[in-house]
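Visitor: Structure file data23.cif (mmCIF, C-alpha atoms) right here:
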```cif
data_start
loop_
_atom_site.label_atom_id
_atom_site.label_comp_id
_atom_site.auth_asym_id
_atom_site.auth_seq_id
_atom_site.Cartn_x
_atom_site.Cartn_y
_atom_site.Cartn_z
CA MET K 1 0.00 0.00 0.00
CA SER K 2 1.42 3.34 -1.00
CA CYS K 3 1.71 6.22 1.46
CA SER K 4 2.79 8.66 -1.25
CA PRO K 5 1.03 12.03 -1.10
CA LEU K 6 0.29 11.66 -4.83
CA ASP K 7 -0.91 8.65 -6.82
CA LEU K 8 2.05 6.62 -8.07
CA LYS K 9 0.06 5.58 -11.16
CA ASP K 10 -0.52 9.23 -12.02
CA TYR K 11 3.26 9.55 -11.84
CA LEU K 12 3.72 6.49 -14.06
CA PHE K 13 1.38 7.80 -16.77
CA GLY K 14 2.77 11.32 -16.79
CA VAL K 15 -0.34 13.02 -15.46
CA LEU K 16 1.51 15.03 -12.79
CA THR K 17 3.17 18.41 -13.15
CA GLU K 18 6.95 18.69 -12.95
CA ALA K 19 6.79 19.87 -9.31
CA GLU K 20 4.47 16.98 -8.39
CA ARG K 21 6.78 14.51 -10.14
CA ARG K 22 9.73 15.74 -8.10
CA GLN K 23 7.64 15.44 -4.95
CA VAL K 24 6.82 11.78 -5.73
CA GLU K 25 10.44 10.98 -6.61
CA GLU K 26 11.70 12.51 -3.37
CA HIS K 27 9.10 10.57 -1.38
CA ALA K 28 9.91 7.30 -3.17
CA ARG K 29 13.62 7.75 -2.39
CA GLY K 30 12.88 8.13 1.31
CA CYS K 31 10.08 5.55 1.58
CA GLN K 32 11.06 1.92 0.88
CA ALA K 33 7.45 0.69 0.43
CA CYS K 34 6.60 3.39 -2.11
CA GLY K 35 9.94 2.92 -3.88
CA GLU K 36 9.23 -0.80 -4.26
CA GLU K 37 5.65 -0.16 -5.37
CA LEU K 38 6.88 2.25 -8.03
CA ASP K 39 9.39 -0.38 -9.22
CA ARG K 40 6.63 -3.00 -9.47
CA LEU K 41 4.45 -0.62 -11.49
CA ARG K 42 7.33 0.15 -13.84
CA LEU K 43 8.09 -3.55 -14.29
CA THR K 44 4.43 -4.29 -15.00
CA GLU K 45 4.32 -1.56 -17.63
CA ALA K 46 7.59 -2.83 -19.15
CA ALA K 47 6.20 -6.40 -19.26
CA LEU K 48 3.03 -5.17 -20.97
CA ARG K 49 5.00 -3.16 -23.52
CA SER K 50 7.09 -6.24 -24.35
CA LEU K 51 4.07 -7.71 -26.11
CA PRO K 52 4.82 -7.10 -29.81
CA ASP K 53 2.34 -5.76 -32.34
CA GLU K 54 1.17 -8.25 -34.93
CA GLU K 55 0.90 -7.70 -38.65
CA PRO K 56 -2.62 -7.99 -40.03
CA PRO K 57 -3.01 -11.26 -41.98
CA ARG K 58 -4.17 -9.32 -45.04
CA ARG K 59 -4.01 -5.71 -46.13
CA ILE K 60 -7.23 -3.73 -45.99
CA ALA K 61 -8.06 -1.79 -49.14
CA PHE K 62 -11.24 -0.58 -50.76
CA VAL K 63 -12.08 -0.61 -54.44
CA SER K 64 -14.38 1.85 -56.11
CA ASP K 65 -17.90 0.62 -55.59
CA LYS K 66 -21.25 2.38 -55.57
CA VAL K 67 -21.95 0.83 -52.18
CA PHE K 68 -18.91 2.52 -50.65
CA GLU K 69 -19.15 5.82 -52.41
CA PRO K 70 -21.06 8.64 -50.77
CA GLY K 71 -23.97 10.00 -52.78
CA TRP K 72 -23.72 13.23 -54.84
CA TRP K 73 -25.47 15.14 -52.09
CA GLN K 74 -23.08 13.76 -49.44
CA ARG K 75 -20.09 14.59 -51.65
CA PHE K 76 -21.38 18.13 -52.18
CA TRP K 77 -22.12 18.56 -48.51
CA GLN K 78 -18.66 17.32 -47.61
CA SER K 79 -16.90 19.40 -50.25
CA GLY K 80 -15.27 22.82 -50.22
CA PRO K 81 -18.13 24.74 -51.93
CA ARG K 82 -20.35 23.76 -49.00
CA LEU K 83 -19.20 26.83 -47.07
CA GLY K 84 -19.68 29.10 -50.04
CA PHE K 85 -23.14 27.75 -50.67
CA ALA K 86 -24.09 28.10 -47.02
CA SER K 87 -22.74 31.66 -46.92
CA ALA K 88 -24.63 32.65 -50.07
CA ALA K 89 -27.83 31.11 -48.75
CA LEU K 90 -27.42 32.88 -45.43
CA LEU K 91 -26.74 36.20 -47.13
CA SER K 92 -29.77 35.82 -49.40
CA MET K 93 -31.94 35.01 -46.43
CA ALA K 94 -30.61 38.00 -44.50
CA ILE K 95 -31.35 40.33 -47.43
CA LEU K 96 -34.85 38.87 -47.78
CA VAL K 97 -35.58 39.19 -44.08
CA HIS K 98 -34.19 42.71 -44.00
CA GLY K 99 -36.38 43.62 -46.97
CA PHE K 100 -39.49 42.37 -45.22
CA LEU K 101 -38.72 43.63 -41.76
CA ARG K 102 -37.29 47.07 -42.59
CA PRO K 103 -39.57 49.73 -40.98
CA VAL K 104 -41.44 51.99 -43.45
CA PRO K 105 -40.36 55.63 -42.87
CA ALA K 106 -43.12 57.87 -41.40
CA ALA K 107 -44.79 60.42 -43.72
CA ALA K 108 -43.94 63.53 -41.66
CA PRO K 109 -40.17 63.05 -41.64
CA MET K 110 -40.35 62.33 -45.35
CA ALA K 111 -42.27 65.62 -45.93
CA THR K 112 -39.75 67.46 -43.83
CA ASP K 113 -36.99 65.95 -45.82
CA THR K 114 -38.66 66.93 -49.12
CA ALA K 115 -39.23 70.50 -47.91
CA ALA K 116 -35.65 70.76 -46.80
CA ILE K 117 -34.47 69.42 -50.11
CA GLU K 118 -36.74 71.84 -52.00
CA ALA K 119 -35.49 74.73 -49.85
CA ARG K 120 -31.92 73.77 -50.59
CA ILE K 121 -32.70 73.50 -54.30
CA GLY K 122 -34.50 76.91 -54.23
CA ALA K 123 -31.59 78.56 -52.47
CA ALA K 124 -29.18 77.06 -54.97
CA VAL K 125 -31.34 78.27 -57.89
CA VAL K 126 -31.59 81.81 -56.45
CA LYS K 127 -27.88 81.90 -55.86
CA ALA K 128 -27.18 80.67 -59.38
CA MET K 129 -29.60 83.21 -60.84
CA THR K 130 -28.08 86.07 -58.83
CA GLU K 131 -24.63 85.12 -59.97
CA SER K 132 -25.84 84.83 -63.57
CA GLU K 133 -27.55 88.23 -63.41
CA ALA K 134 -24.45 89.85 -61.99
CA ARG K 135 -22.41 88.31 -64.78
CA GLN K 136 -24.97 89.58 -67.36
CA ALA K 137 -24.97 93.09 -65.87
CA LEU K 138 -21.23 93.27 -65.99
CA LYS K 139 -21.24 92.06 -69.56
CA LEU K 140 -23.89 94.66 -70.51
CA THR K 141 -21.95 97.48 -68.88
CA GLN K 142 -18.85 96.53 -70.77
CA LEU K 143 -20.85 96.28 -74.00
CA VAL K 144 -22.38 99.77 -73.49
CA ALA K 145 -19.00 101.24 -72.72
CA ASP K 146 -17.53 99.66 -75.83
CA THR K 147 -20.42 100.91 -77.98
CA GLU K 148 -20.09 104.47 -76.69
CA LYS K 149 -16.38 104.41 -77.32
CA ARG K 150 -16.99 103.16 -80.84
CA LEU K 151 -19.67 105.82 -81.48
CA GLN K 152 -17.41 108.55 -80.15
CA PHE K 153 -14.70 107.37 -82.45
CA ASP K 154 -17.14 107.34 -85.38
CA ARG K 155 -18.37 110.85 -84.57
CA GLN K 156 -14.83 112.10 -84.43
CA ALA K 157 -14.10 110.50 -87.79
CA ASP K 158 -17.26 112.05 -89.27
CA ARG K 159 -16.33 115.47 -87.96
CA VAL K 160 -12.85 115.20 -89.46
CA ALA K 161 -14.34 114.10 -92.78
CA PHE K 162 -16.88 116.96 -92.70
CA GLU K 163 -14.17 119.48 -91.94
CA GLU K 164 -12.06 118.19 -94.78
CA ALA K 165 -15.01 118.34 -97.19
CA PHE K 166 -15.91 121.87 -96.01
CA ASN K 167 -12.35 123.05 -96.44
CA TYR K 168 -12.26 121.50 -99.90
CA LEU K 169 -15.51 123.22 -100.94
CA GLN K 170 -14.38 126.52 -99.45
CA LYS K 171 -11.15 126.37 -101.39
CA LYS K 172 -13.04 125.49 -104.56
CA PHE K 173 -15.48 128.39 -103.99
CA ASN K 174 -12.59 130.78 -103.46
CA VAL K 175 -10.96 129.60 -106.66
CA MET K 176 -14.19 130.08 -108.57
CA TYR K 177 -14.73 133.50 -107.03
CA THR K 178 -11.25 134.58 -107.92
CA ALA K 179 -11.67 133.28 -111.45
CA SER K 180 -14.94 135.13 -111.95
CA ALA K 181 -13.48 138.31 -110.56
CA ASP K 182 -10.61 138.05 -112.93
CA LEU K 183 -12.95 137.39 -115.80
CA GLY K 184 -15.11 140.46 -114.96
CA GLY K 185 -12.13 142.81 -114.64
CA SER K 186 -10.76 141.93 -118.01
CA ARG K 187 -14.03 142.88 -119.72
CA MET Y 188 4.98 13.81 -36.12
CA ILE Y 189 3.75 17.17 -37.21
CA PHE Y 190 4.36 16.32 -40.89
CA ARG Y 191 2.49 13.07 -40.43
CA GLU Y 192 -0.44 14.88 -38.87
CA VAL Y 193 -0.56 17.39 -41.70
CA GLU Y 194 -0.41 14.62 -44.28
CA ASP Y 195 -3.17 12.70 -42.54
CA ARG Y 196 -5.24 15.87 -42.55
CA ASP Y 197 -4.70 16.25 -46.30
CA LEU Y 198 -5.66 12.63 -46.90
CA ILE Y 199 -8.79 13.02 -44.79
CA ALA Y 200 -9.78 16.16 -46.71
CA LYS Y 201 -9.27 14.36 -50.05
CA ALA Y 202 -11.15 11.31 -48.85
CA GLN Y 203 -13.99 13.55 -47.68
CA ARG Y 204 -14.19 14.84 -51.25
CA GLY Y 205 -14.57 11.24 -52.42
CA SER Y 206 -10.99 10.17 -53.15
CA LEU Y 207 -10.82 6.43 -52.49
CA GLU Y 208 -7.10 6.45 -53.25
CA ALA Y 209 -6.45 8.92 -50.44
CA TYR Y 210 -8.59 6.88 -48.09
CA ASN Y 211 -6.74 3.65 -48.93
CA LEU Y 212 -3.48 5.39 -48.10
CA LEU Y 213 -4.97 6.52 -44.81
CA VAL Y 214 -6.10 2.95 -44.09
CA SER Y 215 -2.62 1.60 -44.80
CA ARG Y 216 -1.24 3.96 -42.15
CA TRP Y 217 -3.75 3.02 -39.46
CA GLU Y 218 -4.68 -0.61 -40.15
CA LYS Y 219 -1.93 -2.14 -38.01
CA ARG Y 220 -2.84 -0.05 -34.98
CA VAL Y 221 -6.55 -0.71 -35.37
CA PHE Y 222 -5.98 -4.42 -36.01
CA ASN Y 223 -3.82 -4.83 -32.89
CA TYR Y 224 -6.28 -2.86 -30.79
CA LEU Y 225 -9.12 -5.10 -31.92
CA LEU Y 226 -6.99 -8.24 -31.64
CA ARG Y 227 -6.28 -7.46 -27.98
CA LEU Y 228 -9.98 -6.89 -27.37
CA VAL Y 229 -11.42 -9.93 -29.14
CA GLY Y 230 -8.40 -12.27 -29.07
CA ASP Y 231 -8.89 -13.74 -32.56
CA ARG Y 232 -6.93 -12.68 -35.65
CA GLU Y 233 -9.67 -13.34 -38.22
CA ASP Y 234 -12.29 -11.62 -36.09
CA ALA Y 235 -9.92 -8.71 -35.54
CA LEU Y 236 -9.33 -8.41 -39.29
CA ASP Y 237 -13.06 -8.56 -40.09
CA LEU Y 238 -13.77 -5.95 -37.45
CA SER Y 239 -10.96 -3.76 -38.80
CA GLN Y 240 -12.47 -3.89 -42.28
CA GLU Y 241 -15.91 -3.06 -40.91
CA ALA Y 242 -14.51 -0.19 -38.86
CA PHE Y 243 -12.67 1.32 -41.84
CA LEU Y 244 -15.72 0.93 -44.06
CA LYS Y 245 -17.95 2.69 -41.53
CA ALA Y 246 -15.31 5.36 -41.06
CA TYR Y 247 -15.27 6.00 -44.82
CA GLN Y 248 -19.04 6.19 -45.04
CA ASN Y 249 -19.16 8.64 -42.12
CA LEU Y 250 -16.03 10.63 -42.87
CA GLY Y 251 -18.14 13.68 -43.67
CA LYS Y 252 -19.25 13.83 -40.05
CA LEU Y 253 -15.65 14.22 -38.87
CA GLU Y 254 -15.33 17.99 -38.50
CA ASP Y 255 -11.84 18.17 -36.98
CA ALA Y 256 -9.23 16.07 -38.79
CA ALA Y 257 -6.98 16.27 -35.72
CA ARG Y 258 -9.56 14.12 -33.89
CA PHE Y 259 -9.35 11.35 -36.50
CA ALA Y 260 -7.60 8.80 -34.26
CA PRO Y 261 -10.05 8.88 -31.31
CA TRP Y 262 -12.94 9.04 -33.79
CA LEU Y 263 -11.66 5.98 -35.70
CA PHE Y 264 -11.00 4.02 -32.50
CA ARG Y 265 -14.48 4.89 -31.25
CA ILE Y 266 -15.88 3.22 -34.37
CA ALA Y 267 -13.56 0.23 -33.88
CA HIS Y 268 -14.63 0.04 -30.22
CA ASN Y 269 -18.30 -0.09 -31.22
CA GLU Y 270 -17.55 -2.85 -33.73
CA ALA Y 271 -15.66 -4.88 -31.13
CA TYR Y 272 -18.39 -4.55 -28.52
CA SER Y 273 -21.00 -5.50 -31.08
CA LEU Y 274 -19.13 -8.79 -31.56
CA LEU Y 275 -18.47 -9.27 -27.84
CA ARG Y 276 -22.18 -8.87 -27.10
CA LYS Y 277 -22.98 -11.55 -29.66
CA ARG Y 278 -20.43 -13.87 -28.10
CA LYS Y 279 -21.65 -13.32 -24.53
CA PRO Y 280 -24.61 -15.75 -24.55
CA GLU Y 281 -22.28 -18.57 -25.48
CA GLY Y 282 -20.62 -18.18 -22.11
CA GLU Y 283 -18.43 -15.53 -20.60
CA THR Y 284 -15.64 -17.97 -20.24
CA LEU Y 285 -12.45 -16.16 -19.59
CA ARG Y 286 -9.58 -18.40 -20.25
CA GLU Y 287 -7.71 -18.95 -17.04
CA PRO Y 288 -3.96 -18.71 -17.29
CA SER Y 289 -2.29 -22.05 -17.31
CA GLU Y 290 -0.51 -23.12 -14.20
CA GLY Y 291 2.75 -23.14 -16.05
CA ALA Y 292 2.40 -19.53 -17.04
CA GLN Y 293 3.52 -18.38 -13.66
CA SER Y 294 6.41 -20.74 -13.31
CA PHE Y 295 8.17 -20.83 -16.69
CA ARG Y 296 11.42 -19.04 -17.35
CA MET Y 297 10.96 -15.67 -18.95
CA PHE Y 298 12.14 -15.90 -22.53
CA PRO Y 299 10.57 -13.24 -24.82
CA VAL Y 300 7.98 -15.59 -26.34
CA GLU Y 301 7.07 -16.94 -22.95
CA LEU Y 302 6.86 -13.44 -21.53
CA SER Y 303 4.44 -12.54 -24.32
CA LEU Y 304 2.33 -15.56 -23.46
CA ALA Y 305 2.32 -14.60 -19.79
CA VAL Y 306 1.31 -11.03 -20.59
CA ARG Y 307 -1.42 -12.18 -22.98
CA SER Y 308 -2.67 -14.54 -20.34
CA ALA Y 309 -2.66 -11.78 -17.71
CA LEU Y 310 -4.57 -9.47 -20.07
CA GLU Y 311 -7.17 -12.14 -20.68
CA ARG Y 312 -7.91 -12.28 -16.96
CA LEU Y 313 -9.05 -8.68 -17.00
CA SER Y 314 -12.60 -7.63 -17.75
CA ALA Y 315 -13.18 -6.37 -21.29
CA GLU Y 316 -13.41 -2.77 -20.05
CA GLN Y 317 -10.22 -2.99 -18.01
CA ARG Y 318 -8.38 -4.68 -20.88
CA GLU Y 319 -9.50 -2.01 -23.32
CA ALA Y 320 -8.29 0.74 -20.99
CA VAL Y 321 -4.87 -0.94 -20.83
CA VAL Y 322 -4.73 -1.42 -24.60
CA LEU Y 323 -5.68 2.19 -25.34
CA LYS Y 324 -3.18 3.62 -22.84
CA ILE Y 325 -0.20 1.24 -22.92
CA TYR Y 326 -0.33 0.01 -26.52
CA GLN Y 327 -2.03 2.84 -28.38
CA GLY Y 328 -0.68 5.71 -26.29
CA PHE Y 329 -3.88 7.73 -26.12
CA LYS Y 330 -4.32 10.54 -23.61
CA PHE Y 331 -6.94 10.12 -20.90
CA GLU Y 332 -9.21 12.70 -22.60
CA GLU Y 333 -9.01 10.81 -25.90
CA MET Y 334 -9.72 7.53 -24.12
CA ALA Y 335 -12.79 9.12 -22.54
CA GLU Y 336 -13.93 10.14 -26.04
CA ILE Y 337 -13.39 6.65 -27.46
CA LEU Y 338 -15.05 4.89 -24.54
CA SER Y 339 -17.73 7.55 -24.17
CA CYS Y 340 -17.29 7.89 -20.42
CA PRO Y 341 -15.73 10.38 -17.97
CA VAL Y 342 -11.96 10.60 -17.54
CA SER Y 343 -12.37 9.52 -13.90
CA THR Y 344 -13.98 6.26 -15.06
CA VAL Y 345 -11.19 5.67 -17.57
CA LYS Y 346 -8.55 6.18 -14.88
CA SER Y 347 -10.38 3.97 -12.45
CA ARG Y 348 -10.56 1.11 -14.98
CA LEU Y 349 -6.92 1.50 -15.97
CA TYR Y 350 -5.56 1.74 -12.42
CA THR Y 351 -7.58 -1.25 -11.23
CA ALA Y 352 -6.36 -3.22 -14.23
CA LEU Y 353 -2.79 -2.23 -13.49
CA ASP Y 354 -3.10 -3.46 -9.89
CA LEU Y 355 -4.46 -6.79 -11.13
CA LEU Y 356 -1.74 -7.13 -13.76
CA LYS Y 357 0.89 -6.26 -11.19
CA GLU Y 358 -0.28 -9.13 -9.00
CA THR Y 359 -0.62 -11.57 -11.91
CA LEU Y 360 2.80 -10.73 -13.29
CA ALA Y 361 4.50 -10.67 -9.87
CA PRO Y 362 6.40 -13.95 -10.54
CA ILE Y 363 7.85 -12.36 -13.68
CA HIS Y 364 9.00 -9.39 -11.66
CA ALA Y 365 10.78 -11.76 -9.31
CA ARG Y 366 12.75 -13.18 -12.28
CA GLY Y 367 13.16 -9.89 -14.08
CA VAL Y 368 11.92 -8.97 -17.52
CA GLU Y 369 14.37 -10.06 -20.22
#
```
Now that the file is in, can you turn its structure into structure tokens?
Guide:
Amino acid sequence: MSCSPLDLKDYLFGVLTEAERRQVEEHARGCQACGEELDRLRLTEAALRSLPDEEPPRRIAFVSDKVFEPGWWQRFWQSGPRLGFASAALLSMAILVHGFLRPVPAAAPMATDTAAIEARIGAAVVKAMTESEARQALKLTQLVADTEKRLQFDRQADRVAFEEAFNYLQKKFNVMYTASADLGGSR
Amino acid sequence: MIFREVEDRDLIAKAQRGSLEAYNLLVSRWEKRVFNYLLRLVGDREDALDLSQEAFLKAYQNLGKLEDAARFAPWLFRIAHNEAYSLLRKRKPEGETLREPSEGAQSFRMFPVELSLAVRSALERLSAEQREAVVLKIYQGFKFEEMAEILSCPVSTVKSRLYTALDLLKETLAPIHARGVE
């Protein structure tokens, strides 16, 4: 009978921790009964392990046979795509359930949203129009200024042309007057 | 050991996809262990071989149910265990005659063959449950948790069976101890 603080068979089968193993070994060194019991257990295990394994009389092998083979469904279920199929099915189901169970938005918040959107659109339109008008006004001002400048230039050109024509006529009149005076004096 | 485990895992995955070639390779790796386990449970070579074939066939047909390839060994031995007990239950009505060790077994000189005979004889004196616990631990090297999975019982029960068996074997083999194991 063993008086070891820990089971000697636990020691034999390697169940104990390293510290517990040392504890058993120390006890077995100091206790003759436990030392002998441990020796007997070791000898028993060694005797059991001396029994050799036997070779099977024939090799076991299977040939392809419909009886052995799993069905197409079993093969599919045991195959790699199984996970993909399951994932796709789960995802489809989740989408379907979500579609059915999604709460319908209340009318009031929707109206509020529409009004807000319309207000934003209106503000954007007003802003765009204002900017466009400003651009048009600037363009018009520039156009008016250009036109006035062109008219002024034209007027100046007309005046110069008139003055030239007047001077030409005046000179011609003077020539004619002089010629007539000369003609009258000679008579 | 790690490489072997990885290769087994690959073979299991291929076999699960229907590769009989991969499964036959897996069988060739495990048949000796399964055969010896069953032989030590039922004590007859032909029965052990038939049971091995049945166990491997059932394992192939149910391979899809094995989710973790790392648990292949306990799972396979659980199937083999069920096959063995199915046969042992059939045998039972014919008489639970456990062969008693011959008188000479305890007195002959311990040459290796004779030692084997003495050990076999001592194993036969155990109950089927005790013998199976010894076979799974000593000869197949399973951990207590794996043994509990194979035998479908708590670890405490497994340890109890094994330790009781070891005490009985220690007594039965005491004359061998006196002469020393060669």
Visitor: Run the PyMOL selection byres ((chain Y and resi 251) around 7) on the file and write out the hits as a list in words.
Guide: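 Applying the PyMOL selection byres ((chain Y and resi 251) around 7) to the structure shown produces Gln78 of chain K; Gln203, Asn249, Leu250, Lys252 and Leu253 of chain Y.
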Visitor: Residues of segment 215-284 of chain Y that approach segment 333-338 of chain Y to 12 Å or less, counting only C-alpha atoms: could you list each one with the shortest pair of atoms and its distance in Å to one decimal, rows by chain and increasing residue number, as a tab-separated table?
Guide:
```
residue	atom	partner	partner_atom	distance
Y:Ala257	CA	Y:Glu333	CA	11.4
Y:Arg258	CA	Y:Glu333	CA	8.7
Y:Phe259	CA	Y:Glu333	CA	10.6
Y:Ala260	CA	Y:Glu333	CA	8.7
Y:Pro261	CA	Y:Ile337	CA	5.6
Y:Trp262	CA	Y:Ile337	CA	6.8
Y:Leu263	CA	Y:Ile337	CA	8.4
Y:Phe264	CA	Y:Ile337	CA	6.2
Y:Arg265	CA	Y:Ile337	CA	4.3
Y:Ile266	CA	Y:Ile337	CA	8.1
Y:Ala267	CA	Y:Ile337	CA	9.1
Y:His268	CA	Y:Ile337	CA	7.3
Y:Asn269	CA	Y:Leu338	CA	8.9
Y:Ala271	CA	Y:Leu338	CA	11.8
Y:Tyr272	CA	Y:Leu338	CA	10.8
```
Visitor: With a distance cut-off of 8 Å and only C-alpha atoms, select the neighbouring residues of segment 47-57 of chain K, excluding the residue or stretch itself and same-chain residues fewer than 4 positions from it, and output the selection as a PyMOL selection string.
Guide: (chain K and resi 43) or (chain Y and resi 218-219+222-223+232-233+236+299+302-303+306-307+325-326+368)
Visitor: Measuring between only C-alpha atoms, which one of K:Thr17, K:Glu45, K:Arg29, K:Tyr11 shows the shortest distance to Leu356 of chain Y?
Guide: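 Smallest distance to Leu356 of chain Y is found for K:Glu45.
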Visitor: Could you work out how far atom CA of Ser343 of chain Y lies from atom CA of Phe331 of chain Y, giving the answer in Å with one decimal?
Guide: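 One can read the atom CA of Phe331 of chain Y to atom CA of Ser343 of chain Y distance as 8.9 Å.
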Visitor: Could you tell me how far atom CA of Leu349 of chain Y sits from atom CA of Leu6 of chain K, in Å to one decimal place?
Guide: 16.7 Å
Visitor: Can you measure atom CA of Val15 of chain K to atom CA of Leu41 of chain K for me? One decimal in Å is fine.
Guide: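 Here the two named atoms are 15.0 Å from each other.
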Visitor: Given the choices K:Leu143, K:Leu12, K:Ala157, K:Cys31, which gets closest to chain Y if the distance is worked out from only C-alpha atoms?
Guide: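 Residue with the minimum atom-to-atom distance to chain Y: K:Leu12.
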Visitor: Name the residues within 10 Å of (4.7, 13.6, -8.3), counting all atoms listed in the file in the file's coordinates, and put them as a VMD selection string.
Guide: chain K and resid 4 to 12 14 to 28
Visitor: K:Arg40, K:Asp158, K:Ile121, K:Thr147: which is nearest Glu358 of chain Y, counting only C-alpha atoms?
Guide: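 So, comparing all the options, the nearest one is K:Arg40.
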Visitor: Choose the residue, out of K:Ser64, K:Ala33, K:Ser87, K:Leu38, that has the smallest atom-to-atom separation from chain Y; count only C-alpha atoms.
Guide: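 Nearest candidate to chain Y out of K:Ser64, K:Ala33, K:Ser87, K:Leu38: K:Ser64.
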Visitor: Taking into account all atoms listed in the file, which residue in the set K:Val175, K:Cys34, K:Ala46, K:Met129 is nearest to chain Y?
Guide: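 Of K:Val175, K:Cys34, K:Ala46, K:Met129, the one nearest chain Y, counting all atoms listed in the file, is K:Ala46.
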Visitor: Determine the nearest neighbour of Pro362 of chain Y from the options K:Ser92, K:Ala179, K:Thr44, K:Val160, counting only C-alpha atoms.
Guide: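 Among K:Ser92, K:Ala179, K:Thr44, K:Val160, it is K:Thr44 that comes nearest to Pro362 of chain Y.
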Visitor: Given the file shown, enumerate the residues that the PyMOL selection byres ((chain Y and resi 359) around 10) captures and present them as a ChimeraX atom specification.
Guide: /K:44 /Y:288,292-293,305-306,308-310,312,353-358,360-364
Visitor: Mind checking which residues fall within 10 Å of Ala202 of chain Y, counting only C-alpha atoms, ignoring those fewer than 3 positions away in the same chain, and posting them as a PyMOL selection string?
Guide: (chain K and resi 75+78) or (chain Y and resi 196-199+205-213+247+250-251)
